[in-house]
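A.B. asks: So I've got this file, work-v2.tsv, and it contains TSV, C-alpha atoms and all ligand atoms:
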```
chain	number	residue	atom	x	y	z
A	19	MET	CA	67.65	224.18	23.44
A	20	PRO	CA	71.05	225.84	23.31
A	21	GLN	CA	73.17	225.06	26.32
A	22	TYR	CA	76.76	225.93	26.93
A	23	GLN	CA	77.55	222.29	27.53
A	24	GLN	CA	76.86	221.18	24.01
A	25	ARG	CA	77.31	222.50	20.50
A	26	ARG	CA	74.13	224.44	19.95
A	27	ARG	CA	72.14	224.24	16.78
A	28	PRO	CA	73.15	227.23	14.72
A	29	THR	CA	70.34	229.71	14.38
A	30	TYR	CA	71.94	231.23	11.35
A	31	GLY	CA	71.88	228.23	9.02
A	32	ARG	CA	68.85	229.23	6.97
A	33	ALA	CA	69.31	230.89	3.63
A	34	ASN	CA	67.52	234.15	4.15
A	35	TYR	CA	68.62	236.94	1.91
A	36	PRO	CA	68.36	240.33	3.55
A	37	ARG	CA	66.84	242.85	1.19
A	38	ALA	CA	69.57	244.87	-0.42
A	39	ASN	CA	69.94	248.16	1.38
A	40	ARG	CA	69.78	250.78	-1.34
A	41	SER	CA	72.10	253.22	0.33
A	42	ALA	CA	74.64	250.44	1.03
A	43	SER	CA	74.70	249.42	-2.61
A	44	ARG	CA	75.58	252.93	-3.76
A	45	ALA	CA	79.10	254.29	-3.43
A	46	PRO	CA	79.36	256.09	-0.08
A	47	LYS	CA	80.21	259.81	0.25
A	48	LYS	CA	83.80	260.24	1.28
A	49	GLU	CA	85.65	262.87	3.22
A	50	TYR	CA	88.94	264.13	1.77
A	51	ILE	CA	91.98	262.47	3.31
A	52	ASN	CA	95.43	263.77	2.49
A	53	PRO	CA	97.16	260.84	0.68
A	54	ALA	CA	100.32	261.52	2.72
A	55	LYS	CA	98.42	260.02	5.67
A	56	PHE	CA	98.43	256.65	3.88
A	57	ILE	CA	102.23	256.47	3.92
A	58	GLN	CA	103.89	255.53	7.17
A	59	PRO	CA	106.54	252.96	8.02
A	60	ALA	CA	105.68	250.52	10.80
A	61	LYS	CA	107.11	251.38	14.19
A	62	PRO	CA	109.23	248.63	15.72
A	63	ILE	CA	107.05	246.34	17.83
A	64	ASP	CA	107.45	246.92	21.57
A	65	GLU	CA	108.75	243.59	22.82
A	66	THR	CA	108.52	244.43	26.52
A	67	PRO	CA	106.24	241.73	27.89
A	68	TYR	CA	103.37	242.75	30.15
A	69	VAL	CA	103.72	241.39	33.65
A	70	PRO	CA	100.22	240.61	34.93
A	71	THR	CA	99.44	241.20	38.58
A	72	HIS	CA	97.31	238.05	38.66
A	73	MET	CA	97.20	234.64	37.03
A	74	PHE	CA	93.83	233.14	36.12
A	75	ALA	CA	94.33	230.64	38.96
A	76	ASP	CA	94.32	233.57	41.43
A	77	PHE	CA	90.81	234.72	40.53
A	78	ASP	CA	87.94	233.49	42.66
A	79	LEU	CA	86.05	231.74	39.86
A	80	HIS	CA	83.72	228.77	39.63
A	81	PRO	CA	85.88	225.59	39.33
A	82	GLY	CA	84.26	224.80	35.96
A	83	ILE	CA	85.42	228.15	34.55
A	84	HIS	CA	88.95	227.52	35.86
A	85	ARG	CA	88.93	224.13	34.12
A	86	ASN	CA	87.67	225.60	30.86
A	87	LEU	CA	90.22	228.43	30.86
A	88	GLU	CA	92.95	225.89	31.38
A	89	ALA	CA	91.63	223.79	28.49
A	90	MET	CA	91.58	226.92	26.33
A	91	GLY	CA	95.25	227.50	27.14
A	92	TYR	CA	94.57	230.69	29.10
A	93	THR	CA	97.06	230.92	31.96
A	94	ALA	CA	98.16	234.55	32.12
A	95	PRO	CA	95.54	237.27	31.67
A	96	SER	CA	96.10	239.94	29.05
A	97	PRO	CA	96.41	243.53	30.40
A	98	ILE	CA	92.73	244.34	29.88
A	99	GLN	CA	91.72	241.06	31.55
A	100	ASP	CA	94.18	241.55	34.41
A	101	GLN	CA	92.67	244.95	35.17
A	102	THR	CA	88.99	244.33	34.38
A	103	ILE	CA	88.28	240.94	35.94
A	104	PRO	CA	88.81	241.96	39.63
A	105	SER	CA	86.42	244.94	39.26
A	106	GLY	CA	83.93	242.83	37.32
A	107	LEU	CA	83.98	240.14	40.00
A	108	ALA	CA	83.45	242.84	42.66
A	109	GLY	CA	80.23	243.83	40.86
A	110	LYS	CA	81.46	247.23	39.69
A	111	ASP	CA	80.65	248.92	36.40
A	112	VAL	CA	83.65	248.91	34.08
A	113	VAL	CA	84.68	251.11	31.16
A	114	GLY	CA	87.39	249.35	29.14
A	115	ILE	CA	89.26	251.25	26.48
A	116	ALA	CA	90.65	248.51	24.29
A	117	ASN	CA	90.76	247.40	20.67
A	118	THR	CA	89.86	244.04	19.23
A	119	GLY	CA	92.77	241.65	19.67
A	120	THR	CA	93.53	242.68	23.26
A	121	GLY	CA	91.47	239.89	24.84
A	122	LYS	CA	88.60	242.24	25.73
A	123	THR	CA	85.95	239.56	25.15
A	124	ALA	CA	87.19	237.31	27.93
A	125	ALA	CA	87.76	240.42	30.10
A	126	PHE	CA	84.00	240.85	30.41
A	127	ALA	CA	82.90	237.27	29.67
A	128	ILE	CA	84.78	235.69	32.58
A	129	PRO	CA	83.32	237.81	35.44
A	130	LEU	CA	79.92	237.90	33.72
A	131	LEU	CA	79.64	234.14	33.27
A	132	ASN	CA	80.94	233.57	36.79
A	133	ARG	CA	78.13	235.75	38.15
A	134	LEU	CA	75.51	234.00	35.99
A	135	ILE	CA	76.60	230.66	37.46
A	136	ALA	CA	76.72	231.98	41.04
A	137	ASP	CA	73.45	233.92	40.87
A	138	PRO	CA	70.61	232.03	39.14
A	139	GLY	CA	68.43	235.16	39.23
A	140	SER	CA	70.70	237.11	36.91
A	141	THR	CA	70.55	237.51	33.13
A	142	ALA	CA	73.15	239.10	30.86
A	143	LEU	CA	72.62	241.14	27.71
A	144	ILE	CA	75.61	241.69	25.42
A	145	MET	CA	75.31	244.15	22.53
A	146	ALA	CA	77.77	244.27	19.65
A	147	PRO	CA	77.81	246.26	16.40
A	148	THR	CA	77.87	243.34	13.97
A	149	ARG	CA	76.55	239.82	13.60
A	150	GLU	CA	80.08	238.48	13.22
A	151	LEU	CA	81.26	240.04	16.46
A	152	ALA	CA	78.12	238.80	18.27
A	153	GLN	CA	78.87	235.28	17.06
A	154	GLN	CA	82.52	235.49	18.09
A	155	ILE	CA	81.48	236.62	21.57
A	156	GLU	CA	79.01	233.73	21.75
A	157	GLU	CA	81.72	231.24	20.76
A	158	GLN	CA	84.04	232.47	23.50
A	159	CYS	CA	81.26	232.47	26.11
A	160	ARG	CA	80.36	228.94	25.15
A	161	LEU	CA	83.96	227.78	25.68
A	162	ILE	CA	84.39	229.61	28.98
A	163	ALA	CA	81.04	228.38	30.40
A	164	LYS	CA	81.19	224.87	28.96
A	165	GLY	CA	79.48	222.35	31.23
A	166	SER	CA	77.64	225.02	33.22
A	167	GLY	CA	74.26	224.34	31.65
A	168	LEU	CA	73.71	228.07	31.06
A	169	ARG	CA	71.40	228.68	28.15
A	170	GLY	CA	71.92	231.38	25.57
A	171	ALA	CA	70.21	233.18	22.71
A	172	ILE	CA	71.86	234.99	19.86
A	173	LEU	CA	69.75	237.77	18.37
A	174	ILE	CA	71.19	238.99	15.09
A	175	GLY	CA	69.66	240.38	11.93
A	176	GLY	CA	69.63	238.76	8.50
A	177	VAL	CA	68.07	235.53	9.77
A	178	SER	CA	64.49	234.66	10.60
A	179	MET	CA	62.97	235.53	13.97
A	180	GLY	CA	61.38	232.11	14.64
A	181	PRO	CA	64.32	230.14	16.04
A	182	GLN	CA	65.39	233.19	18.06
A	183	GLN	CA	61.90	233.45	19.56
A	184	GLN	CA	62.12	229.76	20.45
A	185	ASP	CA	65.50	230.32	22.15
A	186	LEU	CA	64.00	233.26	24.08
A	187	ARG	CA	61.09	231.13	25.28
A	188	ASN	CA	63.64	228.77	26.85
A	189	LYS	CA	64.62	231.51	29.33
A	190	PRO	CA	68.21	232.12	28.24
A	191	ARG	CA	70.56	233.56	30.84
A	192	ILE	CA	72.89	235.09	28.29
A	193	ILE	CA	71.53	237.09	25.39
A	194	ILE	CA	73.95	238.30	22.75
A	195	GLY	CA	72.97	240.40	19.75
A	196	THR	CA	73.01	243.49	17.62
A	197	PRO	CA	70.96	246.52	18.75
A	198	GLY	CA	68.46	246.46	15.87
A	199	ARG	CA	67.37	242.88	16.41
A	200	ILE	CA	67.39	243.18	20.21
A	201	LYS	CA	65.04	246.16	19.88
A	202	ASP	CA	62.84	244.20	17.46
A	203	HIS	CA	62.42	241.39	19.96
A	204	SER	CA	61.75	243.82	22.77
A	205	GLU	CA	59.05	245.57	20.74
A	206	ARG	CA	57.41	242.25	19.88
A	207	ARG	CA	57.56	241.40	23.58
A	208	THR	CA	59.49	238.23	22.88
A	209	LEU	CA	62.32	239.65	25.00
A	210	ASN	CA	61.80	241.16	28.44
A	211	LEU	CA	64.70	243.55	28.88
A	212	ALA	CA	63.77	244.31	32.49
A	213	GLN	CA	65.18	240.94	33.54
A	214	CYS	CA	68.66	241.87	32.21
A	215	ASN	CA	70.80	242.96	35.13
A	216	ILE	CA	74.26	242.52	33.57
A	217	ILE	CA	74.84	244.57	30.44
A	218	VAL	CA	77.77	244.68	28.06
A	219	LEU	CA	78.17	247.20	25.26
A	220	ASP	CA	81.03	246.01	23.08
A	221	GLU	CA	82.67	248.36	20.57
A	222	VAL	CA	80.44	251.22	21.70
A	223	ASP	CA	82.14	253.68	19.36
A	224	ARG	CA	81.45	251.47	16.34
A	225	MET	CA	77.81	251.01	17.35
A	226	LEU	CA	77.48	254.79	17.52
A	227	ASP	CA	79.25	255.19	14.14
A	228	MET	CA	76.64	252.83	12.73
A	229	GLY	CA	73.78	255.01	13.95
A	230	PHE	CA	72.60	252.84	16.84
A	231	VAL	CA	72.61	255.62	19.44
A	232	ASN	CA	68.82	255.81	19.90
A	233	ASP	CA	68.40	252.04	19.89
A	234	ILE	CA	71.11	251.68	22.52
A	235	ARG	CA	69.64	254.35	24.77
A	236	HIS	CA	66.16	252.87	24.39
A	237	ILE	CA	67.35	249.32	25.14
A	238	LEU	CA	69.41	250.39	28.16
A	239	SER	CA	66.51	252.38	29.58
A	240	LEU	CA	64.38	249.21	29.61
A	241	THR	CA	66.94	247.01	31.38
A	242	ASN	CA	66.99	246.43	35.13
A	243	PRO	CA	67.89	249.69	36.92
A	244	GLU	CA	70.03	247.71	39.39
A	245	LYS	CA	72.38	246.51	36.69
A	246	GLN	CA	76.09	245.96	36.43
A	247	SER	CA	77.41	247.42	33.15
A	248	TYR	CA	80.51	246.91	31.07
A	249	TYR	CA	81.35	249.29	28.24
A	250	PHE	CA	84.15	248.53	25.80
A	251	SER	CA	85.30	250.99	23.20
A	252	ALA	CA	88.46	251.74	21.23
A	253	THR	CA	87.92	255.44	21.86
A	254	LEU	CA	86.28	257.40	24.66
A	255	ASP	CA	84.85	260.34	22.78
A	256	ALA	CA	82.06	262.66	23.89
A	257	ARG	CA	79.31	260.42	22.44
A	258	VAL	CA	80.59	257.33	24.23
A	259	ARG	CA	81.06	259.30	27.46
A	260	SER	CA	77.52	260.64	27.28
A	261	ILE	CA	76.02	257.13	27.13
A	262	ILE	CA	78.17	255.95	30.03
A	263	GLU	CA	77.31	259.01	32.12
A	264	THR	CA	73.58	258.48	31.56
A	265	PHE	CA	73.58	254.86	32.66
A	266	SER	CA	76.45	254.44	35.13
A	267	ALA	CA	77.14	256.39	38.30
A	268	ASP	CA	80.69	255.50	39.17
A	269	PRO	CA	82.38	253.13	36.72
A	270	VAL	CA	85.96	251.93	37.05
A	271	HIS	CA	88.05	252.98	34.04
A	272	VAL	CA	90.59	250.59	32.54
A	273	ALA	CA	92.66	251.68	29.57
A	274	VAL	CA	95.19	249.31	28.12
A	275	LYS	CA	98.14	250.67	26.28
A	276	THR	CA	97.57	249.19	22.86
A	277	ALA	CA	98.65	252.37	21.12
A	278	ASP	CA	97.03	252.56	17.73
A	279	THR	CA	97.10	249.08	16.19
A	280	SER	CA	98.04	250.78	12.93
A	281	GLU	CA	101.46	251.51	14.43
A	282	ASN	CA	102.37	247.88	13.67
A	283	VAL	CA	101.36	248.35	10.07
A	284	ASP	CA	103.67	249.39	7.29
A	285	GLN	CA	101.56	251.77	5.21
A	286	ASN	CA	102.04	252.82	1.62
A	287	VAL	CA	100.14	253.88	-1.48
A	288	VAL	CA	99.80	252.31	-4.91
A	289	VAL	CA	99.28	254.76	-7.76
A	290	TYR	CA	97.12	253.70	-10.73
A	291	LYS	CA	95.96	255.53	-13.85
A	292	SER	CA	92.99	253.64	-15.23
A	293	ARG	CA	90.40	251.17	-13.97
A	294	HIS	CA	91.82	248.32	-16.08
A	295	GLU	CA	95.34	249.03	-14.90
A	296	LYS	CA	94.04	249.08	-11.33
A	297	LEU	CA	92.96	245.45	-11.51
A	298	ASP	CA	96.25	244.39	-13.12
A	299	ILE	CA	98.19	246.14	-10.36
A	300	LEU	CA	96.11	244.36	-7.73
A	301	HIS	CA	96.75	241.08	-9.54
A	302	ALA	CA	100.53	241.68	-9.51
A	303	LEU	CA	100.44	242.58	-5.81
A	304	LEU	CA	98.46	239.51	-4.80
A	305	ALA	CA	100.84	237.30	-6.79
A	306	LYS	CA	103.85	238.36	-4.68
A	307	ASP	CA	105.29	235.70	-2.38
A	308	HIS	CA	105.07	237.64	0.86
A	309	VAL	CA	101.45	238.61	0.25
A	310	VAL	CA	99.96	235.63	2.06
A	311	LYS	CA	96.55	236.53	3.44
A	312	THR	CA	94.86	239.65	2.20
A	313	LEU	CA	91.76	241.59	3.06
A	314	VAL	CA	90.75	243.82	0.16
A	315	PHE	CA	88.29	246.67	0.75
A	316	ASP	CA	85.91	248.02	-1.83
A	317	ASP	CA	82.86	250.27	-1.64
A	318	THR	CA	79.61	248.50	-2.40
A	319	HIS	CA	78.00	245.06	-2.30
A	320	HIS	CA	78.12	245.02	-6.06
A	321	SER	CA	81.75	246.12	-6.52
A	322	VAL	CA	82.93	243.72	-3.80
A	323	GLU	CA	81.11	240.80	-5.41
A	324	GLN	CA	82.41	241.65	-8.86
A	325	LEU	CA	86.01	242.13	-7.73
A	326	SER	CA	86.04	238.80	-5.94
A	327	LYS	CA	84.70	237.10	-9.08
A	328	GLU	CA	87.31	238.81	-11.26
A	329	LEU	CA	90.08	237.70	-8.92
A	330	ALA	CA	88.73	234.16	-8.83
A	331	ALA	CA	88.63	234.15	-12.64
A	332	ARG	CA	92.28	235.19	-12.60
A	333	GLY	CA	93.14	232.14	-10.50
A	334	PHE	CA	93.18	233.61	-6.98
A	335	GLN	CA	91.43	231.83	-4.13
A	336	ALA	CA	89.08	234.67	-3.36
A	337	ASP	CA	85.67	235.18	-1.81
A	338	ALA	CA	83.52	238.14	-0.85
A	339	ILE	CA	81.81	239.31	2.32
A	340	HIS	CA	79.20	242.05	2.23
A	341	GLY	CA	75.75	242.87	3.57
A	342	GLY	CA	74.00	241.63	0.43
A	343	LYS	CA	74.96	238.06	1.28
A	344	SER	CA	73.03	235.87	3.66
A	345	GLN	CA	74.43	235.33	7.11
A	346	SER	CA	75.38	231.73	6.34
A	347	GLN	CA	77.23	232.80	3.18
A	348	ARG	CA	79.14	235.44	5.13
A	349	GLN	CA	80.02	232.94	7.83
A	350	ARG	CA	81.19	230.43	5.26
A	351	ALA	CA	83.44	232.96	3.49
A	352	LEU	CA	84.90	234.09	6.80
A	353	LYS	CA	85.58	230.52	7.91
A	354	ARG	CA	87.28	229.69	4.62
A	355	PHE	CA	89.47	232.75	5.08
A	356	LYS	CA	90.27	231.87	8.70
A	357	ASP	CA	91.08	228.26	7.78
A	358	ASN	CA	93.28	229.35	4.84
A	359	HIS	CA	91.08	227.77	2.19
A	360	ILE	CA	91.05	231.16	0.50
A	361	SER	CA	93.82	233.74	0.67
A	362	VAL	CA	91.91	236.83	-0.47
A	363	LEU	CA	88.75	238.16	1.13
A	364	VAL	CA	87.08	241.14	-0.53
A	365	ALA	CA	84.88	243.10	1.87
A	366	THR	CA	82.85	246.20	2.54
A	367	ASP	CA	83.69	248.14	5.70
A	368	VAL	CA	80.56	247.09	7.52
A	369	ALA	CA	80.93	243.38	6.75
A	370	ALA	CA	84.57	243.41	7.86
A	371	ARG	CA	83.94	245.04	11.24
A	372	GLY	CA	84.95	242.97	14.21
A	373	ILE	CA	86.29	240.03	12.24
A	374	ASP	CA	88.80	238.14	14.32
A	375	VAL	CA	91.42	236.79	11.92
A	376	SER	CA	94.80	237.23	13.53
A	377	ASP	CA	97.14	236.32	10.65
A	378	ILE	CA	96.12	238.77	7.90
A	379	THR	CA	99.39	239.96	6.32
A	380	HIS	CA	97.98	242.66	4.02
A	381	VAL	CA	95.08	245.05	3.92
A	382	ILE	CA	94.49	246.58	0.52
A	383	ASN	CA	92.29	249.63	0.16
A	384	TYR	CA	91.19	249.08	-3.42
A	385	SER	CA	88.85	252.00	-2.90
A	386	LEU	CA	89.47	254.85	-0.48
A	387	PRO	CA	87.88	254.63	2.96
A	388	GLN	CA	85.08	257.04	3.85
A	389	SER	CA	87.01	258.64	6.69
A	390	TYR	CA	90.39	258.42	8.41
A	391	SER	CA	88.77	256.57	11.28
A	392	ASP	CA	87.51	253.92	8.81
A	393	TYR	CA	91.04	253.79	7.40
A	394	ALA	CA	92.51	253.09	10.85
A	395	HIS	CA	89.92	250.35	11.45
A	396	ARG	CA	90.63	248.78	8.08
A	397	ILE	CA	94.40	248.63	8.41
A	398	GLY	CA	94.27	247.56	12.07
A	399	ARG	CA	93.09	244.18	10.73
A	400	ALA	CA	96.67	243.55	9.55
A	401	GLY	CA	98.38	244.50	12.80
A	402	ARG	CA	96.82	241.88	15.04
A	403	ALA	CA	98.32	239.89	17.88
A	404	GLY	CA	101.50	241.98	17.92
A	405	ARG	CA	102.37	241.04	14.34
A	406	GLN	CA	103.60	243.49	11.75
A	407	GLY	CA	101.22	243.97	8.84
A	408	HIS	CA	101.11	245.88	5.58
A	409	ALA	CA	98.52	248.28	4.24
A	410	LEU	CA	98.39	249.50	0.66
A	411	THR	CA	96.00	252.18	-0.50
A	412	PHE	CA	95.13	252.64	-4.16
A	413	ILE	CA	95.36	256.27	-5.27
A	414	GLU	CA	94.47	257.60	-8.71
A	415	GLY	CA	97.49	259.41	-10.14
A	501	LIG	P1	89.59	239.53	21.60
A	501	LIG	O1	90.36	240.81	21.74
A	501	LIG	O2	88.66	239.32	22.74
A	501	LIG	O3	88.93	239.45	20.25
A	501	LIG	O4	90.64	238.30	21.70
A	501	LIG	C1	91.64	238.09	20.77
A	501	LIG	C2	92.13	236.64	20.76
A	501	LIG	O5	92.97	236.36	21.87
A	501	LIG	C3	91.01	235.61	20.79
A	501	LIG	O6	91.27	234.65	19.78
A	501	LIG	C4	91.13	234.97	22.18
A	501	LIG	O7	90.75	233.61	22.17
A	501	LIG	C5	92.60	235.12	22.52
A	501	LIG	N1	92.83	235.33	23.99
A	501	LIG	C6	92.18	236.22	24.76
A	501	LIG	N2	92.68	236.20	26.03
A	501	LIG	C7	93.65	235.27	26.06
A	501	LIG	C8	94.54	234.80	27.10
A	501	LIG	N3	94.51	235.30	28.34
A	501	LIG	N4	95.43	233.84	26.77
A	501	LIG	C9	95.48	233.36	25.51
A	501	LIG	N5	94.68	233.76	24.49
A	501	LIG	C10	93.77	234.71	24.75
```
Before anything else, please render the file you have as structure tokens.
Ligand code: AMP
C.D. replies:
Amino acid sequence: MPQYQQRRRPTYGRANYPRANRSASRAPKKEYINPAKFIQPAKPIDETPYVPTHMFADFDLHPGIHRNLEAMGYTAPSPIQDQTIPSGLAGKDVVGIANTGTGKTAAFAIPLLNRLIADPGSTALIMAPTRELAQQIEEQCRLIAKGSGLRGAILIGGVSMGPQQQDLRNKPRIIIGTPGRIKDHSERRTLNLAQCNIIVLDEVDRMLDMGFVNDIRHILSLTNPEKQSYYFSATLDARVRSIIETFSADPVHVAVKTADTSENVDQNVVVYKSRHEKLDILHALLAKDHVVKTLVFDDTHHSVEQLSKELAARGFQADAIHGGKSQSQRQRALKRFKDNHISVLVATDVAARGIDVSDITHVINYSLPQSYSDYAHRIGRAGRAGRQGHALTFIEG
């Protein structure tokens, strides 16, 4: 029985290969992007420190949460936390415009977990675009709520339903998952959405990019009408606004000035003439001293797998992450990358979404992104935690 006071048994440990998605294994259609947009020097990092209006000690939180935040080394809230937590604790709906890396997870997790502890009749549902992000949210919730006895369930695809159904039978108070699997459980009646009265939609724009709009609307319509909602998104476009307007009457808006994370990233192109030369150029780049930790993007499951094998054969510590791998394989590759056991991770766009690795020095677009928005998401992975990163995009010349 997973409880936030103990390390829960992982529900994603079983080797369960998702069937290869045919469209994902073919090269995606791409929109034309002017190559000049891939060249941009990094802007100097704004060193002006944010002065929070609160400290964590000022918030009216359960003593256990205060203790856990202290143990986690959280003393001063980040801007999004500073501005979201008071509204969250007051029970208001919140729209947070913030990227990954701003501390947005704790911004909703702290007030949400505090309410779950204070109000035993409440249940939270957190939706995220990817399995990786769902797991990262779960890890943070577990740390913040340690010792509370709150039970959780993590509902992600690519693993069998059985253990998740078992977790759901144990009446979890915090349910975290991806929209597809949450909908699956709801349709099988293993999850009663009507009990969920605290809802979080994390990375709403990405979930919509991934085609989850109908699932999200359907899921939200089945949750408790008297709910408190949190929406987090890097952008507030018409699609995101439309969802918020349907489900929330008067949300508080919080936008943190993160600028575009790609502003921290020094961007340039690499021109190649033939496929063989392309690999040699990548080899030479990865062998440079200052290229320490690199995320390399390629198009398909197959090309990502092959490139990582070719790099490994050339002596690089490389691994691959893509949707054709089982969840446990993806987790393992990501952990090895985080822990510096490998220095090169080759990925598809979808598999790389939401990964929280703060010290990536380089992003290499071995193949062109599908859109400029995908490009910005890719290279933002190298500009994390206020660090300057580098992005190199391969262009055929
Ligand atoms: P997120 O944007 O939620 O993915 O958070 C980015 C990283 O910042 C995570 O590794 C968090 O553990 C860390 N973090 C978030 N808030 C704080 C804080 N107030 N103090 C120190 N670290 C934090």
A.B. asks: Counting only C-alpha atoms and all ligand atoms, which protein, DNA or RNA residues come within 6 Å of ligand LIG 501 (chain A), given as a PyMOL selection string?
C.D. replies: chain A and resi 92+94-96+118-124
A.B. asks: Smallest atom-to-atom distance to Lys353 of chain A: which of A:Gln154, A:Ala409, A:Val270, A:Tyr248, using all atoms listed in the file?
C.D. replies: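 Of A:Gln154, A:Ala409, A:Val270, A:Tyr248, the one nearest Lys353 of chain A is A:Gln154, counting all atoms listed in the file.
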A.B. asks: Skip Asp78 of chain A itself and residues of its chain fewer than 4 positions away, then list as a PDB file with C-alpha atoms, in the coordinates of the input all residues within 12 Å of it, counting all atoms listed in the file.
C.D. replies:
```pdb
ATOM      1  CA  HIS A  72      97.310 238.050  38.660  1.00  0.00           C
ATOM      2  CA  MET A  73      97.200 234.640  37.030  1.00  0.00           C
ATOM      3  CA  PHE A  74      93.830 233.140  36.120  1.00  0.00           C
ATOM      4  CA  GLY A  82      84.260 224.800  35.960  1.00  0.00           C
ATOM      5  CA  ILE A  83      85.420 228.150  34.550  1.00  0.00           C
ATOM      6  CA  HIS A  84      88.950 227.520  35.860  1.00  0.00           C
ATOM      7  CA  ILE A 103      88.280 240.940  35.940  1.00  0.00           C
ATOM      8  CA  PRO A 104      88.810 241.960  39.630  1.00  0.00           C
ATOM      9  CA  GLY A 106      83.930 242.830  37.320  1.00  0.00           C
ATOM     10  CA  LEU A 107      83.980 240.140  40.000  1.00  0.00           C
ATOM     11  CA  ALA A 108      83.450 242.840  42.660  1.00  0.00           C
ATOM     12  CA  ILE A 128      84.780 235.690  32.580  1.00  0.00           C
ATOM     13  CA  PRO A 129      83.320 237.810  35.440  1.00  0.00           C
ATOM     14  CA  ASN A 132      80.940 233.570  36.790  1.00  0.00           C
ATOM     15  CA  ARG A 133      78.130 235.750  38.150  1.00  0.00           C
ATOM     16  CA  ALA A 136      76.720 231.980  41.040  1.00  0.00           C
TER      17      ALA A 136
END
```
A.B. asks: Between A:Leu131, A:Val177, A:Val375, A:Leu304, which one has atoms that come closest to Gly165 of chain A, using only C-alpha atoms?
C.D. replies: A:Leu131
A.B. asks: Counting all atoms listed in the file, which residue out of A:Gly407, A:Gly91, A:Gly333, A:Pro67 sits closest to Thr312 of chain A?
C.D. replies: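 Checking each candidate against Thr312 of chain A, we get A:Gly407 as the closest.
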A.B. asks: In Å to one decimal, how far is atom CA of Phe334 of chain A from atom CA of Gln388 of chain A?
C.D. replies: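 Atom CA of Phe334 of chain A lies at a distance of 27.1 Å from atom CA of Gln388 of chain A.
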A.B. asks: Do you know which residues are at most 10 Å from Ile382 of chain A counting all atoms listed in the file, after dropping those on the same chain fewer than 6 positions away, and could you put them as a PyMOL selection string?
C.D. replies: chain A and resi 285-288+300+303-304+312-316+364+396-397+400+408-412
A.B. asks: Nearest residue to Val112 of chain A out of A:His271, A:Arg169, A:Arg405, A:Arg259, using all atoms listed in the file?
C.D. replies: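 Of A:His271, A:Arg169, A:Arg405, A:Arg259, the one nearest Val112 of chain A, counting all atoms listed in the file, is A:His271.
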A.B. asks: What's around segment 207-223 of chain A at 7 Å? Count only C-alpha atoms, leave out sequence neighbours fewer than 3 positions away in its own chain, and write the answer as an NGL selection string.
C.D. replies: :A and (140-147 or 183 or 186 or 203-204 or 226-227 or 240-242 or 244-253 or 258)
